[in-house]
Each structure stands twice: as C-alpha cells, then as structure tokens.
file input_23.csv (CSV, N, CA and C atoms)
chain,number,residue,atom,x,y,z
A,57,MET,N,10.3,-2.5,-6.8
A,57,MET,CA,9.9,-3.3,-5.7
A,57,MET,C,8.4,-3.0,-5.4
A,58,LEU,N,7.9,-1.8,-5.5
A,58,LEU,CA,6.5,-1.5,-5.3
A,58,LEU,C,5.6,-2.0,-6.4
A,59,GLY,N,6.1,-2.2,-7.5
A,59,GLY,CA,5.3,-2.7,-8.6
A,59,GLY,C,5.1,-4.2,-8.6
A,60,GLU,N,5.7,-4.9,-7.7
A,60,GLU,CA,5.6,-6.3,-7.6
A,60,GLU,C,4.2,-6.7,-6.9
A,61,LYS,N,3.5,-7.6,-7.5
A,61,LYS,CA,2.2,-8.0,-7.1
A,61,LYS,C,2.1,-8.3,-5.6
A,62,TRP,N,3.0,-9.1,-5.0
A,62,TRP,CA,2.9,-9.5,-3.6
A,62,TRP,C,3.2,-8.3,-2.7
A,63,THR,N,4.0,-7.4,-3.2
A,63,THR,CA,4.3,-6.2,-2.3
A,63,THR,C,3.1,-5.3,-2.2
A,64,LEU,N,2.4,-5.1,-3.3
A,64,LEU,CA,1.1,-4.3,-3.2
A,64,LEU,C,0.1,-5.0,-2.3
A,65,LEU,N,0.0,-6.3,-2.5
A,65,LEU,CA,-1.0,-7.0,-1.7
A,65,LEU,C,-0.7,-7.0,-0.2
A,66,ILE,N,0.6,-7.1,0.1
A,66,ILE,CA,1.1,-7.0,1.5
A,66,ILE,C,0.7,-5.6,2.1
A,67,LEU,N,1.0,-4.5,1.3
A,67,LEU,CA,0.6,-3.2,1.8
A,67,LEU,C,-0.9,-3.0,2.0
A,68,ARG,N,-1.6,-3.6,1.1
A,68,ARG,CA,-3.1,-3.5,1.2
A,68,ARG,C,-3.5,-4.2,2.5
A,69,GLU,N,-3.0,-5.3,2.8
A,69,GLU,CA,-3.4,-6.1,4.0
A,69,GLU,C,-2.9,-5.4,5.3
A,70,VAL,N,-1.8,-4.6,5.2
A,70,VAL,CA,-1.4,-3.9,6.4
A,70,VAL,C,-2.5,-2.8,6.7
A,71,TRP,N,-3.0,-2.1,5.6
A,71,TRP,CA,-4.1,-1.1,5.8
A,71,TRP,C,-5.3,-1.8,6.3
A,72,TYR,N,-5.6,-3.0,6.0
A,72,TYR,CA,-6.8,-3.7,6.4
A,72,TYR,C,-6.6,-4.2,7.9
A,73,GLY,N,-5.4,-4.2,8.4
A,73,GLY,CA,-5.2,-4.6,9.8
A,73,GLY,C,-4.3,-5.7,10.0
A,74,ALA,N,-3.8,-6.4,9.0
A,74,ALA,CA,-2.9,-7.5,9.1
A,74,ALA,C,-1.5,-7.0,9.6
A,75,ALA,N,-0.9,-7.8,10.5
A,75,ALA,CA,0.4,-7.3,11.0
A,75,ALA,C,1.5,-8.4,11.2
A,76,ARG,N,1.0,-9.6,11.2
A,76,ARG,CA,2.0,-10.7,11.5
A,76,ARG,C,2.2,-11.5,10.2
A,77,PHE,N,3.4,-12.1,10.2
A,77,PHE,CA,3.8,-13.0,9.1
A,77,PHE,C,2.7,-14.0,8.8
A,78,SER,N,2.2,-14.6,9.9
A,78,SER,CA,1.2,-15.7,9.7
A,78,SER,C,-0.1,-15.1,9.1
A,79,ASP,N,-0.4,-13.9,9.5
A,79,ASP,CA,-1.6,-13.2,8.9
A,79,ASP,C,-1.5,-13.1,7.4
A,80,PHE,N,-0.3,-12.6,6.9
A,80,PHE,CA,-0.1,-12.4,5.5
A,80,PHE,C,-0.1,-13.8,4.8
A,81,GLU,N,0.5,-14.7,5.4
A,81,GLU,CA,0.6,-16.1,4.7
A,81,GLU,C,-0.8,-16.7,4.6
A,82,ARG,N,-1.6,-16.6,5.6
A,82,ARG,CA,-3.0,-17.1,5.6
A,82,ARG,C,-3.9,-16.4,4.6
A,83,ILE,N,-3.8,-15.1,4.6
A,83,ILE,CA,-4.7,-14.3,3.8
A,83,ILE,C,-4.3,-14.3,2.3
A,84,LEU,N,-3.0,-14.2,2.1
A,84,LEU,CA,-2.6,-14.0,0.7
A,84,LEU,C,-2.2,-15.4,0.0
A,85,GLY,N,-1.8,-16.4,0.8
A,85,GLY,CA,-1.4,-17.6,0.2
A,85,GLY,C,-0.1,-17.5,-0.6
A,86,CYS,N,0.7,-16.5,-0.2
A,86,CYS,CA,2.0,-16.2,-0.8
A,86,CYS,C,3.0,-17.3,-0.3
A,87,PRO,N,3.8,-17.8,-1.2
A,87,PRO,CA,4.9,-18.7,-0.8
A,87,PRO,C,5.7,-18.1,0.4
A,88,ARG,N,6.1,-18.9,1.4
A,88,ARG,CA,6.8,-18.3,2.6
A,88,ARG,C,8.1,-17.6,2.2
A,89,ASN,N,8.9,-18.2,1.3
A,89,ASN,CA,10.1,-17.6,1.0
A,89,ASN,C,9.9,-16.2,0.3
A,90,LEU,N,9.0,-16.2,-0.6
A,90,LEU,CA,8.7,-14.9,-1.3
A,90,LEU,C,8.1,-13.9,-0.3
A,91,LEU,N,7.2,-14.3,0.6
A,91,LEU,CA,6.6,-13.4,1.5
A,91,LEU,C,7.7,-12.8,2.5
A,92,ALA,N,8.6,-13.7,2.9
A,92,ALA,CA,9.7,-13.2,3.8
A,92,ALA,C,10.6,-12.2,3.1
A,93,GLU,N,10.9,-12.5,1.8
A,93,GLU,CA,11.7,-11.6,1.0
A,93,GLU,C,11.0,-10.2,0.8
A,94,ARG,N,9.7,-10.2,0.5
A,94,ARG,CA,9.0,-8.9,0.3
A,94,ARG,C,8.9,-8.1,1.6
A,95,LEU,N,8.6,-8.8,2.7
A,95,LEU,CA,8.6,-8.1,4.0
A,95,LEU,C,10.0,-7.5,4.3
A,96,ARG,N,11.0,-8.3,4.1
A,96,ARG,CA,12.4,-7.8,4.3
A,96,ARG,C,12.7,-6.6,3.5
A,97,LYS,N,12.3,-6.6,2.3
A,97,LYS,CA,12.6,-5.4,1.4
A,97,LYS,C,11.8,-4.2,1.9
A,98,LEU,N,10.5,-4.4,2.3
A,98,LEU,CA,9.7,-3.3,2.7
A,98,LEU,C,10.3,-2.7,4.0
A,99,VAL,N,10.8,-3.5,4.9
A,99,VAL,CA,11.5,-3.0,6.1
A,99,VAL,C,12.8,-2.3,5.7
A,100,GLU,N,13.6,-2.9,4.8
A,100,GLU,CA,14.9,-2.4,4.4
A,100,GLU,C,14.7,-1.0,3.7
A,101,HIS,N,13.6,-0.8,3.0
A,101,HIS,CA,13.4,0.4,2.3
A,101,HIS,C,12.6,1.4,3.2
A,102,GLY,N,12.4,1.1,4.4
A,102,GLY,CA,11.8,2.0,5.4
A,102,GLY,C,10.3,2.3,5.2
A,103,ILE,N,9.6,1.3,4.5
A,103,ILE,CA,8.1,1.5,4.3
A,103,ILE,C,7.4,0.8,5.5
A,104,LEU,N,7.9,-0.3,5.9
A,104,LEU,CA,7.4,-1.0,7.1
A,104,LEU,C,8.5,-1.0,8.2
A,105,SER,N,8.1,-1.1,9.4
A,105,SER,CA,9.1,-1.5,10.5
A,105,SER,C,8.5,-2.6,11.3
A,106,THR,N,9.3,-3.2,12.1
A,106,THR,CA,8.8,-4.3,13.0
A,106,THR,C,8.9,-3.8,14.4
A,107,GLU,N,7.9,-4.3,15.1
A,107,GLU,CA,7.9,-4.0,16.6
A,107,GLU,C,7.5,-5.3,17.3
A,108,PRO,N,8.0,-5.5,18.5
A,108,PRO,CA,7.7,-6.7,19.2
A,108,PRO,C,6.2,-6.6,19.8
A,109,TYR,N,5.6,-7.7,19.9
A,109,TYR,CA,4.3,-7.8,20.6
A,109,TYR,C,4.3,-9.2,21.3
A,110,GLN,N,3.4,-9.3,22.2
A,110,GLN,CA,3.3,-10.6,22.9
A,110,GLN,C,1.8,-10.8,23.3
A,111,GLU,N,1.3,-11.9,22.9
A,111,GLU,CA,-0.1,-12.3,23.3
A,111,GLU,C,0.0,-13.1,24.6
A,112,ALA,N,-0.9,-13.0,25.4
A,112,ALA,CA,-0.9,-13.6,26.7
A,112,ALA,C,-0.6,-15.1,26.6
A,113,GLY,N,0.4,-15.6,27.3
A,113,GLY,CA,0.8,-17.0,27.3
A,113,GLY,C,1.6,-17.4,26.1
A,114,SER,N,2.0,-16.5,25.3
A,114,SER,CA,2.9,-16.8,24.1
A,114,SER,C,4.2,-16.1,24.2
A,115,ARG,N,5.1,-16.5,23.4
A,115,ARG,CA,6.4,-15.9,23.3
A,115,ARG,C,6.3,-14.6,22.5
A,116,SER,N,7.3,-13.7,22.7
A,116,SER,CA,7.3,-12.4,22.0
A,116,SER,C,7.5,-12.7,20.5
A,117,ARG,N,6.8,-11.9,19.7
A,117,ARG,CA,7.0,-12.0,18.2
A,117,ARG,C,7.1,-10.6,17.6
A,118,LEU,N,7.3,-10.6,16.3
A,118,LEU,CA,7.3,-9.3,15.6
A,118,LEU,C,6.1,-9.0,14.8
A,119,ARG,N,5.6,-7.8,14.7
A,119,ARG,CA,4.5,-7.5,13.8
A,119,ARG,C,5.0,-6.3,13.0
A,120,TYR,N,4.4,-6.2,11.8
A,120,TYR,CA,4.8,-5.2,10.8
A,120,TYR,C,3.9,-4.0,10.9
A,121,VAL,N,4.4,-2.8,10.9
A,121,VAL,CA,3.6,-1.6,11.0
A,121,VAL,C,4.2,-0.6,10.0
A,122,PHE,N,3.3,0.3,9.6
A,122,PHE,CA,3.8,1.4,8.6
A,122,PHE,C,4.7,2.4,9.3
A,123,THR,N,5.7,2.8,8.6
A,123,THR,CA,6.5,4.0,9.0
A,123,THR,C,5.8,5.2,8.4
A,124,PRO,N,6.2,6.4,8.7
A,124,PRO,CA,5.7,7.6,8.0
A,124,PRO,C,5.8,7.4,6.4
A,125,LYS,N,6.9,6.9,6.0
A,125,LYS,CA,7.2,6.7,4.6
A,125,LYS,C,6.1,5.8,4.0
A,126,GLY,N,5.8,4.7,4.7
A,126,GLY,CA,4.8,3.8,4.3
A,126,GLY,C,3.4,4.4,4.3
A,127,THR,N,3.1,5.2,5.3
A,127,THR,CA,1.8,5.9,5.4
A,127,THR,C,1.6,6.8,4.2
A,128,ASP,N,2.7,7.4,3.7
A,128,ASP,CA,2.6,8.3,2.5
A,128,ASP,C,2.2,7.6,1.2
A,129,LEU,N,2.3,6.2,1.2
A,129,LEU,CA,1.8,5.5,0.1
A,129,LEU,C,0.3,5.3,0.0
A,130,ALA,N,-0.4,5.7,1.0
A,130,ALA,CA,-1.8,5.4,1.1
A,130,ALA,C,-2.6,5.9,-0.2
A,131,PRO,N,-2.3,7.1,-0.6
A,131,PRO,CA,-3.0,7.6,-1.8
A,131,PRO,C,-2.8,6.7,-3.1
A,132,ALA,N,-1.6,6.2,-3.2
A,132,ALA,CA,-1.2,5.3,-4.4
A,132,ALA,C,-2.0,4.0,-4.2
A,133,VAL,N,-1.9,3.4,-3.1
A,133,VAL,CA,-2.5,2.1,-2.9
A,133,VAL,C,-4.0,2.2,-3.0
A,134,LEU,N,-4.6,3.2,-2.3
A,134,LEU,CA,-6.0,3.4,-2.4
A,134,LEU,C,-6.5,3.7,-3.8
A,135,GLY,N,-5.7,4.5,-4.5
A,135,GLY,CA,-6.0,4.8,-5.9
A,135,GLY,C,-6.1,3.5,-6.8
A,136,LEU,N,-5.1,2.6,-6.6
A,136,LEU,CA,-5.2,1.3,-7.3
A,136,LEU,C,-6.4,0.5,-6.9
A,137,MET,N,-6.7,0.5,-5.6
A,137,MET,CA,-7.9,-0.2,-5.1
A,137,MET,C,-9.2,0.4,-5.8
A,138,GLN,N,-9.2,1.8,-5.8
A,138,GLN,CA,-10.4,2.4,-6.4
A,138,GLN,C,-10.5,2.1,-7.9
A,139,TRP,N,-9.4,2.0,-8.6
A,139,TRP,CA,-9.4,1.6,-10.0
A,139,TRP,C,-10.0,0.1,-10.1
A,140,GLY,N,-9.4,-0.7,-9.3
A,140,GLY,CA,-9.8,-2.1,-9.3
A,140,GLY,C,-11.3,-2.3,-9.0
A,141,ASP,N,-11.8,-1.5,-8.0
A,141,ASP,CA,-13.2,-1.6,-7.7
A,141,ASP,C,-14.1,-1.1,-8.8
A,142,ARG,N,-13.6,-0.2,-9.6
A,142,ARG,CA,-14.4,0.3,-10.7
A,142,ARG,C,-14.4,-0.7,-11.9
A,143,TYR,N,-13.2,-1.2,-12.2
A,143,TYR,CA,-13.1,-2.0,-13.4
A,143,TYR,C,-13.0,-3.5,-13.2
A,144,ARG,N,-12.6,-4.0,-12.0
A,144,ARG,CA,-12.4,-5.4,-11.8
A,144,ARG,C,-13.2,-6.0,-10.7
A,145,ALA,N,-14.1,-5.3,-10.0
A,145,ALA,CA,-14.8,-5.8,-8.9
A,145,ALA,C,-15.8,-6.9,-9.3
A,146,ASP,N,-16.1,-7.8,-8.4
A,146,ASP,CA,-17.1,-8.8,-8.6
A,146,ASP,C,-18.4,-8.2,-8.9
A,147,SER,N,-19.3,-8.9,-9.5
A,147,SER,CA,-20.6,-8.3,-9.9
A,147,SER,C,-21.4,-7.9,-8.7
A,148,ALA,N,-21.1,-8.5,-7.5
A,148,ALA,CA,-21.8,-8.1,-6.3
A,148,ALA,C,-21.2,-6.8,-5.7
A,149,GLY,N,-20.1,-6.4,-6.2
A,149,GLY,CA,-19.5,-5.1,-5.7
A,149,GLY,C,-18.1,-5.4,-5.2
A,150,PRO,N,-17.4,-4.3,-4.7
A,150,PRO,CA,-16.1,-4.5,-4.2
A,150,PRO,C,-16.0,-5.3,-2.9
A,151,ALA,N,-14.8,-5.9,-2.7
A,151,ALA,CA,-14.6,-6.8,-1.6
A,151,ALA,C,-14.5,-6.0,-0.3
A,152,ILE,N,-13.9,-4.8,-0.4
A,152,ILE,CA,-13.7,-3.9,0.8
A,152,ILE,C,-14.2,-2.5,0.4
A,153,ILE,N,-14.8,-1.9,1.4
A,153,ILE,CA,-15.2,-0.5,1.2
A,153,ILE,C,-14.4,0.3,2.3
A,154,THR,N,-13.7,1.3,1.8
A,154,THR,CA,-12.9,2.2,2.7
A,154,THR,C,-13.8,3.4,3.1
A,155,ARG,N,-13.7,3.8,4.4
A,155,ARG,CA,-14.5,4.9,4.8
A,155,ARG,C,-13.7,5.8,5.7
A,156,HIS,N,-14.0,7.0,5.8
A,156,HIS,CA,-13.4,8.0,6.7
A,156,HIS,C,-13.9,7.7,8.2
A,157,ASP,N,-12.9,7.5,9.1
A,157,ASP,CA,-13.2,7.1,10.4
A,157,ASP,C,-14.2,8.1,11.1
A,158,ARG,N,-14.0,9.4,10.9
A,158,ARG,CA,-14.7,10.4,11.7
A,158,ARG,C,-16.2,10.5,11.2
A,159,CYS,N,-16.4,10.5,9.9
A,159,CYS,CA,-17.8,10.8,9.4
A,159,CYS,C,-18.4,9.6,8.7
A,160,GLY,N,-17.7,8.6,8.4
A,160,GLY,CA,-18.2,7.4,7.8
A,160,GLY,C,-18.4,7.5,6.3
A,161,ALA,N,-18.1,8.6,5.7
A,161,ALA,CA,-18.2,8.7,4.2
A,161,ALA,C,-17.2,7.8,3.5
A,162,GLN,N,-17.6,7.3,2.3
A,162,GLN,CA,-16.7,6.4,1.5
A,162,GLN,C,-15.6,7.3,1.0
A,163,LEU,N,-14.4,6.7,0.9
A,163,LEU,CA,-13.2,7.4,0.4
A,163,LEU,C,-13.2,7.4,-1.2
A,164,SER,N,-12.6,8.5,-1.7
A,164,SER,CA,-12.4,8.7,-3.1
A,164,SER,C,-11.0,9.3,-3.3
A,165,VAL,N,-10.1,8.7,-4.0
A,165,VAL,CA,-8.8,9.3,-4.2
A,165,VAL,C,-8.9,10.2,-5.4
A,166,GLN,N,-8.4,11.4,-5.3
A,166,GLN,CA,-8.4,12.4,-6.4
A,166,GLN,C,-7.1,13.0,-6.5
A,167,VAL,N,-6.8,13.6,-7.7
A,167,VAL,CA,-5.6,14.4,-7.9
A,167,VAL,C,-6.0,15.9,-7.7
A,168,ARG,N,-5.3,16.6,-6.8
A,168,ARG,CA,-5.6,18.0,-6.6
A,168,ARG,C,-4.4,18.8,-6.7
A,169,CYS,N,-4.5,20.0,-7.2
A,169,CYS,CA,-3.3,20.9,-7.3
A,169,CYS,C,-3.1,21.6,-6.0
A,170,GLU,N,-2.1,22.4,-5.9
A,170,GLU,CA,-1.8,23.1,-4.6
A,170,GLU,C,-2.8,24.2,-4.3
A,171,HIS,N,-3.7,24.6,-5.3
A,171,HIS,CA,-4.8,25.5,-5.1
A,171,HIS,C,-6.1,24.8,-4.8
A,172,ASP,N,-6.0,23.5,-4.5
A,172,ASP,CA,-7.1,22.6,-4.2
A,172,ASP,C,-8.1,22.4,-5.3
A,173,HIS,N,-7.7,22.5,-6.5
A,173,HIS,CA,-8.6,22.2,-7.7
A,173,HIS,C,-8.5,20.7,-7.9
A,174,HIS,N,-9.7,20.1,-8.2
A,174,HIS,CA,-9.7,18.7,-8.7
A,174,HIS,C,-9.2,18.7,-10.1
A,175,VAL,N,-8.2,17.9,-10.4
A,175,VAL,CA,-7.5,17.8,-11.7
A,175,VAL,C,-7.8,16.5,-12.4
A,176,GLN,N,-8.3,16.6,-13.6
A,176,GLN,CA,-8.6,15.4,-14.4
A,176,GLN,C,-7.3,15.0,-15.1
A,177,ALA,N,-7.2,13.7,-15.5
A,177,ALA,CA,-6.0,13.2,-16.1
A,177,ALA,C,-5.6,14.0,-17.4
A,178,ASN,N,-6.6,14.4,-18.2
A,178,ASN,CA,-6.3,15.1,-19.4
A,178,ASN,C,-5.9,16.6,-19.2
A,179,ASP,N,-5.9,17.1,-17.9
A,179,ASP,CA,-5.5,18.4,-17.6
A,179,ASP,C,-4.2,18.5,-16.9
A,180,ILE,N,-3.5,17.4,-16.9
A,180,ILE,CA,-2.2,17.3,-16.2
A,180,ILE,C,-1.1,17.7,-17.3
A,181,GLN,N,-0.2,18.6,-16.9
A,181,GLN,CA,0.9,19.0,-17.7
A,181,GLN,C,2.2,18.5,-17.0
A,182,ALA,N,3.1,17.8,-17.7
A,182,ALA,CA,4.3,17.4,-17.1
A,182,ALA,C,5.5,18.1,-17.8
A,183,ALA,N,6.4,18.5,-17.0
A,183,ALA,CA,7.6,19.2,-17.4
A,183,ALA,C,8.8,18.7,-16.6
A,184,PRO,N,10.0,18.8,-17.3
A,184,PRO,CA,11.2,18.3,-16.5
A,184,PRO,C,11.4,19.2,-15.2
A,185,GLY,N,11.8,18.5,-14.2
A,185,GLY,CA,12.1,19.1,-12.9
A,185,GLY,C,13.6,19.2,-12.7
A,186,PRO,N,14.0,19.8,-11.5
A,186,PRO,CA,15.4,20.0,-11.3
A,186,PRO,C,16.3,18.7,-11.3
A,187,GLY,N,15.7,17.6,-11.0
A,187,GLY,CA,16.4,16.3,-11.0
A,187,GLY,C,16.4,15.6,-12.3
A,188,PHE,N,15.8,16.1,-13.3
A,188,PHE,CA,15.7,15.5,-14.6
A,188,PHE,C,17.0,15.3,-15.3
A,189,ARG,N,17.3,14.1,-15.7
A,189,ARG,CA,18.5,13.8,-16.5
A,189,ARG,C,18.2,12.9,-17.6
A,190,MET,N,18.8,13.1,-18.8
A,190,MET,CA,18.6,12.3,-19.9
A,190,MET,C,19.6,11.1,-19.7
A,191,LYS,N,19.2,9.9,-20.2
A,191,LYS,CA,20.1,8.7,-20.0
A,191,LYS,C,21.5,9.0,-20.6
A,192,ALA,N,21.6,9.7,-21.7
A,192,ALA,CA,22.9,10.1,-22.3
A,192,ALA,C,23.7,11.0,-21.5
A,193,ASP,N,23.1,11.8,-20.6
A,193,ASP,CA,23.8,12.8,-19.8
A,193,ASP,C,24.4,12.1,-18.5
A,194,GLN,N,24.0,10.9,-18.2
A,194,GLN,CA,24.5,10.3,-17.0
A,194,GLN,C,25.8,9.7,-17.1

call {"tool": "encode", "arguments": {"input": "input_23.csv", "output": "structure tokens"}}
result
Amino acid sequence: MLGEKWTLLILREVWYGAARFSDFERILGCPRNLLAERLRKLVEHGILSTEPYQEAGSRSRLRYVFTPKGTDLAPAVLGLMQWGDRYRADSAGPAIITRHDRCGAQLSVQVRCEHDHHVQANDIQAAPGPGFRMKADQ
C-alpha cells in the first residue's frame, strides 16, 4: 500500500497542509474513485484518521490528519523527497523546501545509529532478527 504512487503523494500533501478530499483531488488530479480508495486504506491501516470540521456557513465535513503511526512515516517520506530533490528536481530547484520550525534550517534526512553516529549506506550491516522466517519455514 505505501509503495503505491498515489498513496505517497497523498502523504506528502498531508505534510504540506492538505486535509480535505477536495484538496487532494485539486492538487493531485487523482481519479476520485482511486483517491477515495487510497484514503480509505490509509485510515483503515491507522496512518490517517478523520475528524470533523466546519467552515462558517457550511455543513460539517471530514478532514484527514496523521495519527502517531502516520507521523512516524515522516523520515521515510522526507527521505524520498530528499532523493527526488537531488536527482529529479527541476533545473530551477526543488518545488518545496522543508525547514525546521524553530530555527529555520533546511531539513536533511540521515541514517543514525543508536550511538548517534551518521551512517553511510555502505556501512550498514543487515542480519536476521527475531522475526526472520524463511519462506520454506512458514
């Protein structure tokens, strides 16, 4: 589900501040049925939740917000954005620049170990964990 194009674009737009179905439809141009299905799945999997809101003079509607589970996806989504900005950005530069609210510095996603060392991709060691299962063992 997270690897689907529209799902990642929806998550990106929620970080940018979009919250309503009409926002996603207008910004992304995603077909309505596909957009509804992706939003339903994100809610079903606990990544987004809905909450009611009402603008003055209008009926109550739902908006989509991150759950704690969804917020934990920030490094993954921001990492993909960082990669895209480096290798796929327009010649004028990236479309969006993410900054730290408190100090204004630009964000950079990094892999760090539990001792707070910055880890390069070629320094990563992978080993089976307690939940590892071979397909033949299942």

call {"tool": "closest_residue", "arguments": {"input": "input_23.csv", "among": "A:His156, A:Val165, A:Thr106, A:His173", "to": "Pro131 (chain A)", "atoms": "only N, CA and C atoms"}}
result
A:Val165

call {"tool": "atom_distance", "arguments": {"input": "input_23.csv", "atom1": "CA of Asp79 (chain A)", "atom2": "CA of Val121 (chain A)"}}
result
12.9 Å

call {"tool": "residues_around", "arguments": {"input": "input_23.csv", "residues": "Glu60 (chain A)", "least_positions_apart": "2", "cutoff": "12 Å", "atoms": "only C-alpha atoms", "output": "list in words"}}
result
Met57, Leu58, Trp62, Thr63, Leu64, Leu65, Ile66, Leu67, Leu90, Leu91, Glu93, Arg94, Lys97 and Leu98 of chain A

call {"tool": "closest_residue", "arguments": {"input": "input_23.csv", "among": "A:Gln138, A:Thr127, A:Ser116, A:Leu95", "to": "Leu163 (chain A)", "atoms": "all atoms listed in the file"}}
result
A:Gln138

call {"tool": "atom_distance", "arguments": {"input": "input_23.csv", "atom1": "CA of Phe77 (chain A)", "atom2": "CA of Gly126 (chain A)"}}
result
17.5 Å

call {"tool": "closest_residue", "arguments": {"input": "input_23.csv", "among": "A:Ser105, A:Val133, A:Val175, A:Arg155", "to": "Tyr120 (chain A)", "atoms": "only N, CA and C atoms"}}
result
A:Ser105

call {"tool": "atom_distance", "arguments": {"input": "input_23.csv", "atom1": "atom C of Lys125 (chain A)", "atom2": "atom C of Ile103 (chain A)"}}
result
5.4 Å

call {"tool": "select_by_dssp", "arguments": {"input": "input_23.csv", "residues": "chain A", "states": "strand (DSSP E or B)", "output": "PyMOL selection string"}}
result
chain A and resi 104-109+117-122+146+149+155+162+168+174

call {"tool": "select_by_dssp", "arguments": {"input": "input_23.csv", "residues": "region 98-142 of chain A", "states": "helix (DSSP H, G or I)", "output": "PyMOL selection string"}}
result
chain A and resi 98-100+124-127+130-142

call {"tool": "write_last_selection", "arguments": {"input": "input_23.csv", "atoms": "N, CA and C atoms", "output": "PDB file, in the coordinates of the input"}}
result
ATOM      1  N   LEU A  98      10.500  -4.400   2.300  1.00  0.00           N
ATOM      2  CA  LEU A  98       9.700  -3.300   2.700  1.00  0.00           C
ATOM      3  C   LEU A  98      10.300  -2.700   4.000  1.00  0.00           C
ATOM      4  N   VAL A  99      10.800  -3.500   4.900  1.00  0.00           N
ATOM      5  CA  VAL A  99      11.500  -3.000   6.100  1.00  0.00           C
ATOM      6  C   VAL A  99      12.800  -2.300   5.700  1.00  0.00           C
ATOM      7  N   GLU A 100      13.600  -2.900   4.800  1.00  0.00           N
ATOM      8  CA  GLU A 100      14.900  -2.400   4.400  1.00  0.00           C
ATOM      9  C   GLU A 100      14.700  -1.000   3.700  1.00  0.00           C
ATOM     10  N   PRO A 124       6.200   6.400   8.700  1.00  0.00           N
ATOM     11  CA  PRO A 124       5.700   7.600   8.000  1.00  0.00           C
ATOM     12  C   PRO A 124       5.800   7.400   6.400  1.00  0.00           C
ATOM     13  N   LYS A 125       6.900   6.900   6.000  1.00  0.00           N
ATOM     14  CA  LYS A 125       7.200   6.700   4.600  1.00  0.00           C
ATOM     15  C   LYS A 125       6.100   5.800   4.000  1.00  0.00           C
ATOM     16  N   GLY A 126       5.800   4.700   4.700  1.00  0.00           N
ATOM     17  CA  GLY A 126       4.800   3.800   4.300  1.00  0.00           C
ATOM     18  C   GLY A 126       3.400   4.400   4.300  1.00  0.00           C
ATOM     19  N   THR A 127       3.100   5.200   5.300  1.00  0.00           N
ATOM     20  CA  THR A 127       1.800   5.900   5.400  1.00  0.00           C
ATOM     21  C   THR A 127       1.600   6.800   4.200  1.00  0.00           C
ATOM     22  N   ALA A 130      -0.400   5.700   1.000  1.00  0.00           N
ATOM     23  CA  ALA A 130      -1.800   5.400   1.100  1.00  0.00           C
ATOM     24  C   ALA A 130      -2.600   5.900  -0.200  1.00  0.00           C
ATOM     25  N   PRO A 131      -2.300   7.100  -0.600  1.00  0.00           N
ATOM     26  CA  PRO A 131      -3.000   7.600  -1.800  1.00  0.00           C
ATOM     27  C   PRO A 131      -2.800   6.700  -3.100  1.00  0.00           C
ATOM     28  N   ALA A 132      -1.600   6.200  -3.200  1.00  0.00           N
ATOM     29  CA  ALA A 132      -1.200   5.300  -4.400  1.00  0.00           C
ATOM     30  C   ALA A 132      -2.000   4.000  -4.200  1.00  0.00           C
ATOM     31  N   VAL A 133      -1.900   3.400  -3.100  1.00  0.00           N
ATOM     32  CA  VAL A 133      -2.500   2.100  -2.900  1.00  0.00           C
ATOM     33  C   VAL A 133      -4.000   2.200  -3.000  1.00  0.00           C
ATOM     34  N   LEU A 134      -4.600   3.200  -2.300  1.00  0.00           N
ATOM     35  CA  LEU A 134      -6.000   3.400  -2.400  1.00  0.00           C
ATOM     36  C   LEU A 134      -6.500   3.700  -3.800  1.00  0.00           C
ATOM     37  N   GLY A 135      -5.700   4.500  -4.500  1.00  0.00           N
ATOM     38  CA  GLY A 135      -6.000   4.800  -5.900  1.00  0.00           C
ATOM     39  C   GLY A 135      -6.100   3.500  -6.800  1.00  0.00           C
ATOM     40  N   LEU A 136      -5.100   2.600  -6.600  1.00  0.00           N
ATOM     41  CA  LEU A 136      -5.200   1.300  -7.300  1.00  0.00           C
ATOM     42  C   LEU A 136      -6.400   0.500  -6.900  1.00  0.00           C
ATOM     43  N   MET A 137      -6.700   0.500  -5.600  1.00  0.00           N
ATOM     44  CA  MET A 137      -7.900  -0.200  -5.100  1.00  0.00           C
ATOM     45  C   MET A 137      -9.200   0.400  -5.800  1.00  0.00           C
ATOM     46  N   GLN A 138      -9.200   1.800  -5.800  1.00  0.00           N
ATOM     47  CA  GLN A 138     -10.400   2.400  -6.400  1.00  0.00           C
ATOM     48  C   GLN A 138     -10.500   2.100  -7.900  1.00  0.00           C
ATOM     49  N   TRP A 139      -9.400   2.000  -8.600  1.00  0.00           N
ATOM     50  CA  TRP A 139      -9.400   1.600 -10.000  1.00  0.00           C
ATOM     51  C   TRP A 139     -10.000   0.100 -10.100  1.00  0.00           C
ATOM     52  N   GLY A 140      -9.400  -0.700  -9.300  1.00  0.00           N
ATOM     53  CA  GLY A 140      -9.800  -2.100  -9.300  1.00  0.00           C
ATOM     54  C   GLY A 140     -11.300  -2.300  -9.000  1.00  0.00           C
ATOM     55  N   ASP A 141     -11.800  -1.500  -8.000  1.00  0.00           N
ATOM     56  CA  ASP A 141     -13.200  -1.600  -7.700  1.00  0.00           C
ATOM     57  C   ASP A 141     -14.100  -1.100  -8.800  1.00  0.00           C
ATOM     58  N   ARG A 142     -13.600  -0.200  -9.600  1.00  0.00           N
ATOM     59  CA  ARG A 142     -14.400   0.300 -10.700  1.00  0.00           C
ATOM     60  C   ARG A 142     -14.400  -0.700 -11.900  1.00  0.00           C
TER      61      ARG A 142
END
